[in-house]
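Below is one structure, written out as structure tokens; comments come after it.
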Amino acid sequence: MALSQEFGLDAALRTGVLPMDAEALKYIPAGFAARHDVLPYGIDGSDLLVAVPDDEPSTVDRVRLLTGMRVRATVYPRPVIRTAARVAYGDVSERHREDESSAPAVRLVDDIHDHAVRAEASDIHLEPGGDGGRVRQRVDGRLVPYRVLDRELYAQVVARIKLLAGLDIADRRQPQDGRYSFADGGAAIDVRVSSISTIDGERLVLRLFDASRQRPSLTELGMDAATVRRCQQLVRATHGFVIVCGPTGSGKTTTLYAALDDRRSEREHLCTIEDPIEIRMSGIAQVQVNVRAGMTFARALRAVLRQDPDVIMIGELRDAETASIAASAALSGQLVLATMHSFDVVSAIIRLSDLGIERHAVAAALTGVIAQRLMRTTCTSCAPAVPQCSACGGTRWRGRTGMFACATIGAELRSAIADGASSQQLARIVEREDGSSLARDGLRHVMAGRTSAAEVQRVLGEYAGE
């Protein structure tokens, strides 16, 4: 009786012959009924009456998603359902086998996927509202409206995506994370799903990863020649501690992947610790963090250090234990590459101290910091006399490039870090030793016609005047 208890349905175990209703059969294809052992046997007002086996509670949610109707389920033994289904539908051969692809929510999710890929969106947002919900897609760093959905269809789309991601459809209160993939032509698009309950309903964010897309090299990220050389010196060193910093969505992981590609060698052991693994790389040992299973960044890092690594990439430094182990590994002879949420070179140095690493240890271990942002680039297909460009949809923007500031830790800066110098003092030394800044690099792109001063100002905000 598990199903009736969970859903509060009028389900008493029955063993008789099921009633039949030809109209009800139209709502569930034969293939679906055969796969899930479910049979529609009647319609009561706006409710679809279905027979389901006791041990498959998720079937009710699948039927709701498929039909878009309210479902009232009655529990029957599985053999009774199968016998009745054969009578109702006849033999379900492969050529007659249908599936959920005809359901409105399924078609809409497919459309959302397709449009996001065509628009080269990085994320899809499903946002509930008072009368339903809307779909927005993040394109070139900005959220762009796509569809508005009524309440019923929004709920079906959310349920469909949660099913694909392996999430608990019945749980609408606890945050959940999952993943799935879909095919786009010959490519497989990986999707990471995050759900959270809001006052208006469930909100989902889908992050898209196209593993088939060519990864950019260090020379293709938007760096000037001097910055490329400086970065290559850092990532080709025998040991050291290199931080790539910036806010969420600034391309830090892409830069680290480019660094690993630059360093990759048959003679070395390269490994990563990530959450999640965004792109699978051949010849590199990639470890997935799983906090629920006890595999934290710190625990994974300790395990990796027992694997005789030459280069270790840490997806994110977010706690004192991981940061301390990373610094110790760098001092022990490994090259450690890591991302960090901080705004510029100096704030990354200060952040390491805030995580509990002694300033003298930071000074000894740290070899370089790369700060970065992503900014939109002007559409090269736009013509001045044409108001609507098909390449950019009339926005005049298409694609993004990076602006970078790369600082190597020289003797003067190392001494200042160890002596506890202020952020202002550190900034002056960085400027004197490397002469690079995010604002200056942004201006370089403006002068080259790749972007605008207003775009640099928008991305950097208060750091635009650094």
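Going through the structure tokens in order, the chains are called A, B, and so on, while each chain numbers its residues from 1 and the ligands are numbered from 1 in the order shown.
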
Kindly provide the residues of stretch 139-161 of chain A that approach stretch 436-460 of chain A to within 12 Å, each paired with its closest atom pair and their distance in Å to one decimal, based on only C-alpha atoms, listed by chain and increasing number, as a tab-separated table.
residue	atom	partner	partner_atom	distance
A:Asp140	CA	A:Glu455	CA	11.9
A:Gly141	CA	A:Val459	CA	9.9
A:Arg142	CA	A:Val459	CA	11.1

Residues of the last selection are to be written out with N, CA and C atoms, as a compact mmCIF listing (two decimals), in the first residue's frame.
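Result went into again-v1.txt, see below:
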# COMPACT_ATOMS: atom_id res chain seq x y z
N ASP A 140 26.08 35.27 -23.45
CA ASP A 140 27.17 36.24 -23.32
C ASP A 140 27.12 36.97 -21.98
N GLY A 141 26.77 36.23 -20.95
CA GLY A 141 26.80 36.78 -19.60
C GLY A 141 25.55 37.51 -19.17
N ARG A 142 24.58 37.73 -20.06
CA ARG A 142 23.36 38.46 -19.72
C ARG A 142 22.15 37.55 -19.86

Item to check | Spatial neighbours of A:Glu152, 10 Å, only C-alpha atoms, chain gap at least 6 places, as a ChimeraX atom specification | outcome: /A:68-69,105,131-133

Item to check | Non-local contacts of stretch 363-366 of chain A (7 Å; only C-alpha atoms; under 3 positions in same chain excluded) as number ranges by chain | outcome: A: 240-242, 327, 330-331, 359-360, 409, 414, 417-418

Kindly export the residues of the current selection with N, CA, C and O atoms, as a tab-separated table (two decimals), in the first residue's frame.
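Okay, this is what ended up in again-v6.tsv:
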chain	number	residue	atom	x	y	z
A	240	GLY	N	55.05	25.12	-7.62
A	240	GLY	CA	54.52	26.45	-7.37
A	240	GLY	C	53.05	26.40	-7.01
A	240	GLY	O	52.42	25.34	-6.97
A	241	PHE	N	52.50	27.58	-6.77
A	241	PHE	CA	51.10	27.72	-6.37
A	241	PHE	C	50.54	28.89	-7.16
A	241	PHE	O	50.93	30.04	-6.96
A	242	VAL	N	49.64	28.59	-8.11
A	242	VAL	CA	49.09	29.60	-9.00
A	242	VAL	C	47.59	29.71	-8.77
A	242	VAL	O	46.87	28.71	-8.82
A	327	ALA	N	48.86	24.78	-0.25
A	327	ALA	CA	50.10	25.52	-0.05
A	327	ALA	C	51.24	24.58	0.34
A	327	ALA	O	52.37	24.71	-0.16
A	330	ALA	N	52.47	22.70	-2.71
A	330	ALA	CA	53.32	23.53	-3.56
A	330	ALA	C	54.73	23.63	-2.99
A	330	ALA	O	55.72	23.60	-3.74
A	331	LEU	N	54.82	23.74	-1.67
A	331	LEU	CA	56.14	23.82	-1.03
A	331	LEU	C	56.87	22.49	-1.07
A	331	LEU	O	58.10	22.44	-0.91
A	359	ARG	N	50.89	34.41	6.75
A	359	ARG	CA	51.41	35.25	5.68
A	359	ARG	C	52.77	34.76	5.17
A	359	ARG	O	53.05	34.82	3.97
A	360	HIS	N	53.62	34.27	6.07
A	360	HIS	CA	54.93	33.79	5.61
A	360	HIS	C	54.78	32.55	4.74
A	360	HIS	O	55.57	32.32	3.81
A	409	ILE	N	55.01	36.45	-8.48
A	409	ILE	CA	55.42	36.86	-7.15
A	409	ILE	C	56.94	37.00	-7.11
A	409	ILE	O	57.67	36.01	-6.98
A	414	ARG	N	57.07	39.21	-2.49
A	414	ARG	CA	57.13	38.09	-1.54
A	414	ARG	C	57.49	38.60	-0.13
A	414	ARG	O	56.90	38.19	0.87
A	417	ILE	N	54.46	40.50	1.37
A	417	ILE	CA	53.41	39.59	1.84
A	417	ILE	C	53.80	39.02	3.20
A	417	ILE	O	53.01	39.01	4.14
A	418	ALA	N	55.05	38.58	3.32
A	418	ALA	CA	55.51	37.98	4.57
A	418	ALA	C	55.50	38.99	5.71
A	418	ALA	O	55.25	38.63	6.87

Item to check | Shell around A:Thr272 at 6 Å using only C-alpha atoms, local window under 6 positions removed, as a VMD selection string | outcome: chain A and resid 286 to 287 312 to 314

Item to check | Residues near A:Ala22, cut-off 10 Å, only C-alpha atoms, skip fewer than 4 positions along chain, as an MDAnalysis selection string | outcome: chainID A and resid 26:27 40:42 88:89

Checklist entry - Running DSSP on the backbone, which parts of stretch 234-292 of chain A land in alpha helix (DSSP H), as a ChimeraX atom specification? => result /A:234-235,252-263

Write out the residues from the selection above, keeping C-alpha atoms, as a PDB file, in the first residue's frame.
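Result file part-v7.pdb:
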ATOM      1  CA  LEU A 234      53.833  29.958 -14.268  1.00  0.00           C
ATOM      2  CA  VAL A 235      52.098  26.782 -15.512  1.00  0.00           C
ATOM      3  CA  LYS A 252      38.369  30.762 -14.386  1.00  0.00           C
ATOM      4  CA  THR A 253      37.920  27.034 -15.016  1.00  0.00           C
ATOM      5  CA  THR A 254      38.346  27.529 -18.756  1.00  0.00           C
ATOM      6  CA  THR A 255      41.687  29.200 -18.077  1.00  0.00           C
ATOM      7  CA  LEU A 256      42.795  26.295 -15.882  1.00  0.00           C
ATOM      8  CA  TYR A 257      41.796  23.772 -18.549  1.00  0.00           C
ATOM      9  CA  ALA A 258      43.859  25.770 -21.063  1.00  0.00           C
ATOM     10  CA  ALA A 259      46.780  25.710 -18.614  1.00  0.00           C
ATOM     11  CA  LEU A 260      46.516  21.928 -18.240  1.00  0.00           C
ATOM     12  CA  ASP A 261      46.439  21.520 -22.024  1.00  0.00           C
ATOM     13  CA  ASP A 262      49.564  23.668 -22.231  1.00  0.00           C
ATOM     14  CA  ARG A 263      51.302  21.546 -19.595  1.00  0.00           C
TER      15      ARG A 263
END

Item to check | Spatial neighbours of A:Gly185, max dist 12 Å, only C-alpha atoms, sep filter under 6 positions, as an MDAnalysis selection string | outcome: chainID A and resid 114 117:118 210 212

The selected residues should be written to file as a short mmCIF file (atom, residue, chain, number, x, y, z; two decimals), in the first residue's frame (atoms: all heavy atoms).
data_model
loop_
_atom_site.label_atom_id
_atom_site.label_comp_id
_atom_site.auth_asym_id
_atom_site.auth_seq_id
_atom_site.Cartn_x
_atom_site.Cartn_y
_atom_site.Cartn_z
N ASP A 114 16.94 23.13 -27.47
CA ASP A 114 17.37 23.48 -28.82
C ASP A 114 17.67 24.97 -28.93
O ASP A 114 18.70 25.37 -29.50
CB ASP A 114 16.29 23.07 -29.83
CG ASP A 114 16.72 23.33 -31.27
OD1 ASP A 114 17.64 22.64 -31.74
OD2 ASP A 114 16.13 24.22 -31.91
N VAL A 117 20.97 25.92 -27.17
CA VAL A 117 22.16 25.53 -27.92
C VAL A 117 22.38 26.47 -29.09
O VAL A 117 23.51 26.93 -29.35
CB VAL A 117 22.04 24.07 -28.41
CG1 VAL A 117 23.18 23.73 -29.36
CG2 VAL A 117 22.05 23.12 -27.22
N ARG A 118 21.28 26.79 -29.81
CA ARG A 118 21.42 27.70 -30.95
C ARG A 118 21.91 29.09 -30.51
O ARG A 118 22.65 29.75 -31.23
CB ARG A 118 20.08 27.85 -31.68
CG ARG A 118 19.45 26.58 -32.20
CD ARG A 118 20.18 26.02 -33.43
NE ARG A 118 21.33 25.21 -33.08
CZ ARG A 118 21.27 23.98 -32.60
NH1 ARG A 118 20.10 23.40 -32.39
NH2 ARG A 118 22.36 23.31 -32.33
N ASP A 210 29.08 21.75 -23.31
CA ASP A 210 29.24 21.04 -24.58
C ASP A 210 30.65 20.47 -24.61
O ASP A 210 31.62 21.18 -24.90
CB ASP A 210 29.02 22.00 -25.75
CG ASP A 210 29.11 21.29 -27.10
OD1 ASP A 210 29.44 20.09 -27.12
OD2 ASP A 210 28.84 21.94 -28.13
N SER A 212 31.99 18.55 -26.63
CA SER A 212 32.58 18.44 -27.96
C SER A 212 33.16 19.76 -28.45
O SER A 212 33.90 19.79 -29.43
CB SER A 212 31.52 17.96 -28.96
OG SER A 212 30.51 18.95 -29.13
#

Next on the checklist: Let me make sure I understand: among A:Leu164, A:Ala211, A:Val291, A:Ala170, which one has the smallest atom-to-atom distance to A:Gly186 if we use only C-alpha atoms?
Outcome noted: A:Ala211

Checklist entry - Hey, which of A:Ile243, A:Asp308, A:Cys231, A:Thr377 ends up closest to A:Leu352? Count only C-alpha atoms. => result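 Nearest to A:Leu352: A:Ile243.
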